[in-house]
Amino acid sequence: MKVLSSKDAIEMISEGSILMIGGFLGCGTPEKLIDELIASGKKSFTVIANDTAFPDKGIGKLIVSKLVNKVIASHIGTNPETQRQMIEGELEVELVPQGTLAERVRAGGVGLGGILTPTGVGTVVEDGKQKVVIADKEYLLELPLRADYALLKAKRADYYGNLEFSLTARNFNPLMAMAAENVIVEVEEIVPVGSIPPDSVHIPGVLVNYVVVGRCE
Amino acid sequence: MKVLSSKDAIEMISEGSILMIGGFLGCGTPEKLIDELIASGKKSFTVIANDTAFPDKGIGKLIVSKLVNKVIASHIGTNPETQRQMIEGELEVELVPQGTLAERVRAGGVGLGGILTPTGVGTVVEDGKQKVVIADKEYLLELPLRADYALLKAKRADYYGNLEFSLTARNFNPLMAMAAENVIVEVEEIVPVGSIPPDSVHIPGVLVNYVVVGRCE
Amino acid sequence: MDAKELIARRVAQELKDGYLVNLGIGIPTLVANYIPAGIHVYFQSENGIIGMGPVPESGMENPDLTNAGGQYVTALPGAMAFDSAMSFGIIRGGHLDVTVLGGLQVDEKGKLANWMIPGKRVPGMGGAMDLVTGAKKVIVAMTHTAKGNPKIVKECSLPLTSIRTVDLIVTDLAVIEPTEEGLVLREMAPGVSVEEVLKQTEASLIVPETIPKMRVG
Amino acid sequence: MDAKELIARRVAQELKDGYLVNLGIGIPTLVANYIPAGIHVYFQSENGIIGMGPVPESGMENPDLTNAGGQYVTALPGAMAFDSAMSFGIIRGGHLDVTVLGGLQVDEKGKLANWMIPGKRVPGMGGAMDLVTGAKKVIVAMTHTAKGNPKIVKECSLPLTSIRTVDLIVTDLAVIEPTEEGLVLREMAPGVSVEEVLKQTEASLIVPETIPKMRVG
């Protein structure tokens, strides 16, 4: 794990990469990294996230700034700009049921080739997907998702990069920490090793590549 | 959640049921429930667990007492009695790679119809299993596991049944808490609601049916 | 009593002590205000918490603690936070006792459409498909008609949320239960006649000889 | 230096700063004693911990803290505990830098058999199949022969652990690397001749012109 400024962290990211971004309607989204990404002027990203938040918050700001070519999310209803760009053909949107999205990200992180779920069977979600019948019940085969970079938000990290999340700001963050080639985490503070008890660490530091301090830089 | 004596908890269990039992070589296994089950004289169980521990510890005692007809586990090497019964044809043993066992129990708990894994491809583990090819790579389709009862060990529960596990005694326990019809948990103490902070609860009390206090009854 | 309160009060009668409940946005959210006395239910919010409490007083908001609508909430003593895979593991694994959702249409077979209006409103399914597919009991809480048009129809013209038959439909006019034989008119709102319900319903209804008044606690 | 120490010392040279490492039972366990100076590696034990420390002093054992062999261990500052799905998610998801395992046989294609001897010893595969299939680098640490019989063979007669080619074989006689062209003799133990290695090896070996001495730190 290496501690970086948000500027240096965003510096590493190539245009057009696939980004996983943590957060649920902005709660648990790394706002400082988002702002830095917008400031960088890089674009053409694919974003995998639960939602596109609001026009003035979290991932919503990336959409408004037109940095995103494609979104894979479960919900875009709180951001009219996402809908507008989608309807105008400026933005490709793949809608995925939220539980399936969580399992697909998890599958990408834990090395599964796919998972079988009944969610989406008999709906538009099944279009183009393989179906598997087990004990007379139909399931959709859903494939793993992985990203080039995960941009995450945690409450705090220790000097090893061990992460602790807080309340509903946890959401997709720990899942994404396992599913990206490069994991960049914005934290509120860095604490000495041993400060977070072993049973309270949510993601081990060995999975974290870079930590950016979001509040007191 | 209801607090019971170990005797009343074991009373509920029918002979021949499928039991998931937490623990890794005895660490994180509910010893009091195991002893009570042996005392009950009930038998013909199917046991799903990581291993069969040692002859004088944890699940090993159930094997020695000949209460088990079938074991689904990743490892039986530390218990010579398991091997003896298997070779003599007294005990059926299904060996499952440990990571696959964890995913199968998890799948049973979270409603997946199955998962695809490369583990076991090209080995004896693939016998009788469906293979799925995705992007030219072969995977085994592994099916979920569920049980009638989960016999688990946690460090402590609050009055709602919220569970907190400790260190490596966690292992399969939280996964099994989601994959059984009836969840019976042996804890060292019961603490007031609110004593375990929201981010430290590992399994919510609403998934726990019965709690048995293992130390100070 | 206005239509929304009537619906919410009636739905609340379906909740039992110890239930784990997920309330959708809109009318379903109001159900929390009418929990019958002496009953303790646990509210899950799919963004990652069980034990969600009411909106905090001004100045007491925690940016890491929001509901599935992105609003600040509180956590009650005994609450538990978790990631999105665990949250939907609870939902999809059959651990959620009741989900209450709004509806755009329900058809004669009890199938629900509630997540999009093609060409008009495509917010994404969020967790709706997982909730309807995975919960033990699905209750649809909605007004009986929209702009004078029936929402209980012969066949859904809008995209389905799931092929799973919902368990109960509660509207401002009636309580309707989907059964093998068809939709059964179970209860009538105060002051509403069978004729009026039939007139406002496109689907065929099975009308028993006696139909009690809606139980609103 | 005895054979086991030699092997362990040589394997330790493969470890780099920041690596996440899993050591199997037997010779691999010894590797922890010879980590090169100035290098910090993290040890994972598949029963659910990263940051495992040495065996505790007598009287300091914690029943909730054991290694994958069931022995009491300690946790270093910055350690993290997790459940079995997370533990194998780390292993199977490609997050483990190195796994060091014992071997019964390795064949000319670099495939490993290390988990059972049919009709004789059937301990179960435990985590071995997951480790060999999922780790970034697989090192087999074993004596070159067993009771005078070569363990590096033309084709494994024992059941395979995985179809994945291992990355390095370290024995008391040599370091051998499986490549596309075959097994390459990379290093020789002190005082061992090429002739002796060839004699003790059933598989064909590719013998480069110069073969350095084994690096043992």
# chains A, B, ... in the order shown; residues from 1 in each chain; ligands from 1
$ select_by_dssp --residues "range 52-120 of chain C" --states "helix (DSSP H, G or I)" --output "number ranges by chain"
C: 84-92
$ write_last_selection --atoms "C-alpha atoms" --output "short mmCIF file (atom, residue, chain, number, x, y, z; two decimals), in the first residue's frame"
data_model
loop_
_atom_site.label_atom_id
_atom_site.label_comp_id
_atom_site.auth_asym_id
_atom_site.auth_seq_id
_atom_site.Cartn_x
_atom_site.Cartn_y
_atom_site.Cartn_z
CA SER C 84 -24.43 -5.15 -0.68
CA ALA C 85 -23.69 -8.84 -1.24
CA MET C 86 -24.83 -9.64 2.31
CA SER C 87 -27.81 -7.30 1.97
CA PHE C 88 -29.04 -9.06 -1.15
CA GLY C 89 -27.97 -12.42 0.24
CA ILE C 90 -30.55 -11.80 2.95
CA ILE C 91 -33.14 -10.75 0.38
CA ARG C 92 -32.43 -13.41 -2.26
#
$ residues_around --residues "range 160-171 of chain B" --least-positions-apart "6" --cutoff "7 Å" --atoms "only C-alpha atoms" --output "ChimeraX atom specification"
/A:198-199 /B:1,23-24,27-28,154,193,200-205,208 /D:47-49,64-66,81-84
$ write_last_selection --atoms "N, CA, C and O atoms" --output "compact mmCIF listing (two decimals), in the first residue's frame"
# COMPACT_ATOMS: atom_id res chain seq x y z
N PRO A 198 -8.54 -7.11 14.62
CA PRO A 198 -8.63 -8.09 13.52
C PRO A 198 -10.05 -8.39 13.05
O PRO A 198 -10.28 -8.57 11.86
N ASP A 199 -11.01 -8.41 13.97
CA ASP A 199 -12.38 -8.73 13.57
C ASP A 199 -13.13 -7.52 13.01
O ASP A 199 -14.26 -7.64 12.56
N MET B 1 -35.59 -14.62 18.12
CA MET B 1 -34.54 -15.40 18.81
C MET B 1 -35.05 -15.82 20.19
O MET B 1 -35.70 -15.06 20.88
N GLY B 23 -16.93 -24.62 12.46
CA GLY B 23 -15.64 -24.98 13.05
C GLY B 23 -14.61 -25.42 12.04
O GLY B 23 -14.94 -25.85 10.93
N PHE B 24 -13.36 -25.24 12.44
CA PHE B 24 -12.22 -25.64 11.62
C PHE B 24 -11.29 -26.40 12.55
O PHE B 24 -10.71 -25.82 13.46
N CYS B 27 -11.93 -25.56 16.16
CA CYS B 27 -11.94 -24.14 16.53
C CYS B 27 -13.19 -23.49 15.97
O CYS B 27 -13.37 -23.43 14.75
N GLY B 28 -14.08 -23.02 16.86
CA GLY B 28 -15.33 -22.44 16.40
C GLY B 28 -16.44 -23.47 16.26
O GLY B 28 -17.41 -23.27 15.54
N ALA B 154 -20.57 -18.84 18.36
CA ALA B 154 -20.18 -17.43 18.24
C ALA B 154 -19.61 -16.98 19.57
O ALA B 154 -19.82 -17.61 20.60
N VAL B 193 -28.72 -5.45 24.06
CA VAL B 193 -28.87 -4.91 22.71
C VAL B 193 -28.15 -3.56 22.63
O VAL B 193 -28.30 -2.73 23.53
N SER B 200 -19.87 -4.23 13.79
CA SER B 200 -19.20 -5.40 14.36
C SER B 200 -20.09 -6.63 14.43
O SER B 200 -19.64 -7.70 14.79
N VAL B 201 -21.36 -6.45 14.11
CA VAL B 201 -22.26 -7.60 14.06
C VAL B 201 -21.94 -8.37 12.78
O VAL B 201 -21.86 -7.78 11.71
N HIS B 202 -21.74 -9.68 12.90
CA HIS B 202 -21.42 -10.48 11.71
C HIS B 202 -22.64 -11.15 11.11
O HIS B 202 -22.71 -11.37 9.90
N ILE B 203 -23.58 -11.51 11.97
CA ILE B 203 -24.83 -12.10 11.50
C ILE B 203 -25.98 -11.45 12.25
O ILE B 203 -25.96 -11.38 13.49
N PRO B 204 -27.00 -10.95 11.52
CA PRO B 204 -28.11 -10.28 12.21
C PRO B 204 -28.98 -11.27 12.97
O PRO B 204 -29.19 -12.41 12.53
N GLY B 205 -29.47 -10.83 14.10
CA GLY B 205 -30.29 -11.68 14.96
C GLY B 205 -31.52 -12.26 14.28
O GLY B 205 -31.97 -13.35 14.65
N VAL B 208 -31.19 -15.79 13.35
CA VAL B 208 -30.86 -16.75 14.41
C VAL B 208 -32.14 -17.19 15.11
O VAL B 208 -32.94 -16.37 15.54
N ASN D 47 -7.85 -20.93 7.25
CA ASN D 47 -8.98 -21.00 8.19
C ASN D 47 -9.51 -19.62 8.56
O ASN D 47 -10.51 -19.53 9.25
N GLY D 48 -8.83 -18.55 8.09
CA GLY D 48 -9.47 -17.25 8.22
C GLY D 48 -8.68 -16.11 8.80
O GLY D 48 -9.24 -15.30 9.54
N ILE D 49 -7.40 -16.00 8.47
CA ILE D 49 -6.65 -14.87 9.00
C ILE D 49 -5.50 -14.49 8.07
O ILE D 49 -4.90 -15.35 7.42
N ASP D 64 -9.70 -19.35 20.21
CA ASP D 64 -10.30 -18.84 18.96
C ASP D 64 -9.24 -18.47 17.92
O ASP D 64 -9.56 -17.79 16.94
N LEU D 65 -8.00 -18.86 18.13
CA LEU D 65 -6.94 -18.42 17.22
C LEU D 65 -5.98 -19.56 16.92
O LEU D 65 -5.05 -19.83 17.67
N THR D 66 -6.26 -20.23 15.80
CA THR D 66 -5.47 -21.40 15.40
C THR D 66 -5.06 -21.26 13.95
O THR D 66 -5.59 -20.41 13.21
N ALA D 81 -9.13 -10.99 10.56
CA ALA D 81 -9.85 -12.27 10.56
C ALA D 81 -11.05 -12.19 9.63
O ALA D 81 -11.62 -11.12 9.44
N PHE D 82 -11.39 -13.32 9.02
CA PHE D 82 -12.53 -13.34 8.10
C PHE D 82 -13.11 -14.74 8.01
O PHE D 82 -12.51 -15.70 8.51
N ASP D 83 -14.26 -14.84 7.35
CA ASP D 83 -14.91 -16.15 7.24
C ASP D 83 -14.30 -16.95 6.07
O ASP D 83 -13.46 -16.45 5.32
N SER D 84 -14.73 -18.19 5.93
CA SER D 84 -14.14 -19.09 4.94
C SER D 84 -14.43 -18.68 3.50
O SER D 84 -13.63 -18.95 2.61
$ interface_residues --of "chain B" --to "chain D" --cutoff "8 Å" --atoms "only C-alpha atoms" --output "PyMOL selection string"
chain B and resi 24-28+74-78+83+95-100+102-103+106+118-124+166-175
$ closest_atom_pairs --of "chain B" --to "chain A" --cutoff "6 Å" --atoms "only C-alpha atoms" --output "JSON lines"
{"residue": "B:Leu112", "atom": "CA", "partner": "A:Thr117", "partner_atom": "CA", "distance": 5.1}
{"residue": "B:Gly113", "atom": "CA", "partner": "A:Leu116", "partner_atom": "CA", "distance": 4.9}
{"residue": "B:Gly114", "atom": "CA", "partner": "A:Leu116", "partner_atom": "CA", "distance": 5.2}
{"residue": "B:Ile115", "atom": "CA", "partner": "A:Ile115", "partner_atom": "CA", "distance": 4.5}
{"residue": "B:Leu116", "atom": "CA", "partner": "A:Gly113", "partner_atom": "CA", "distance": 4.8}
{"residue": "B:Thr117", "atom": "CA", "partner": "A:Leu112", "partner_atom": "CA", "distance": 5.1}
$ select_by_dssp --residues "chain C" --states "strand (DSSP E or B)" --output "VMD selection string"
chain C and resid 20 to 23 42 to 45 49 to 53 66 72 74 to 81 98 to 101 105 to 107 112 to 113 117 121 137 to 141 145 to 146 149 to 150 152 to 153 168 to 170 174 to 179 182 to 188 205 to 206 213
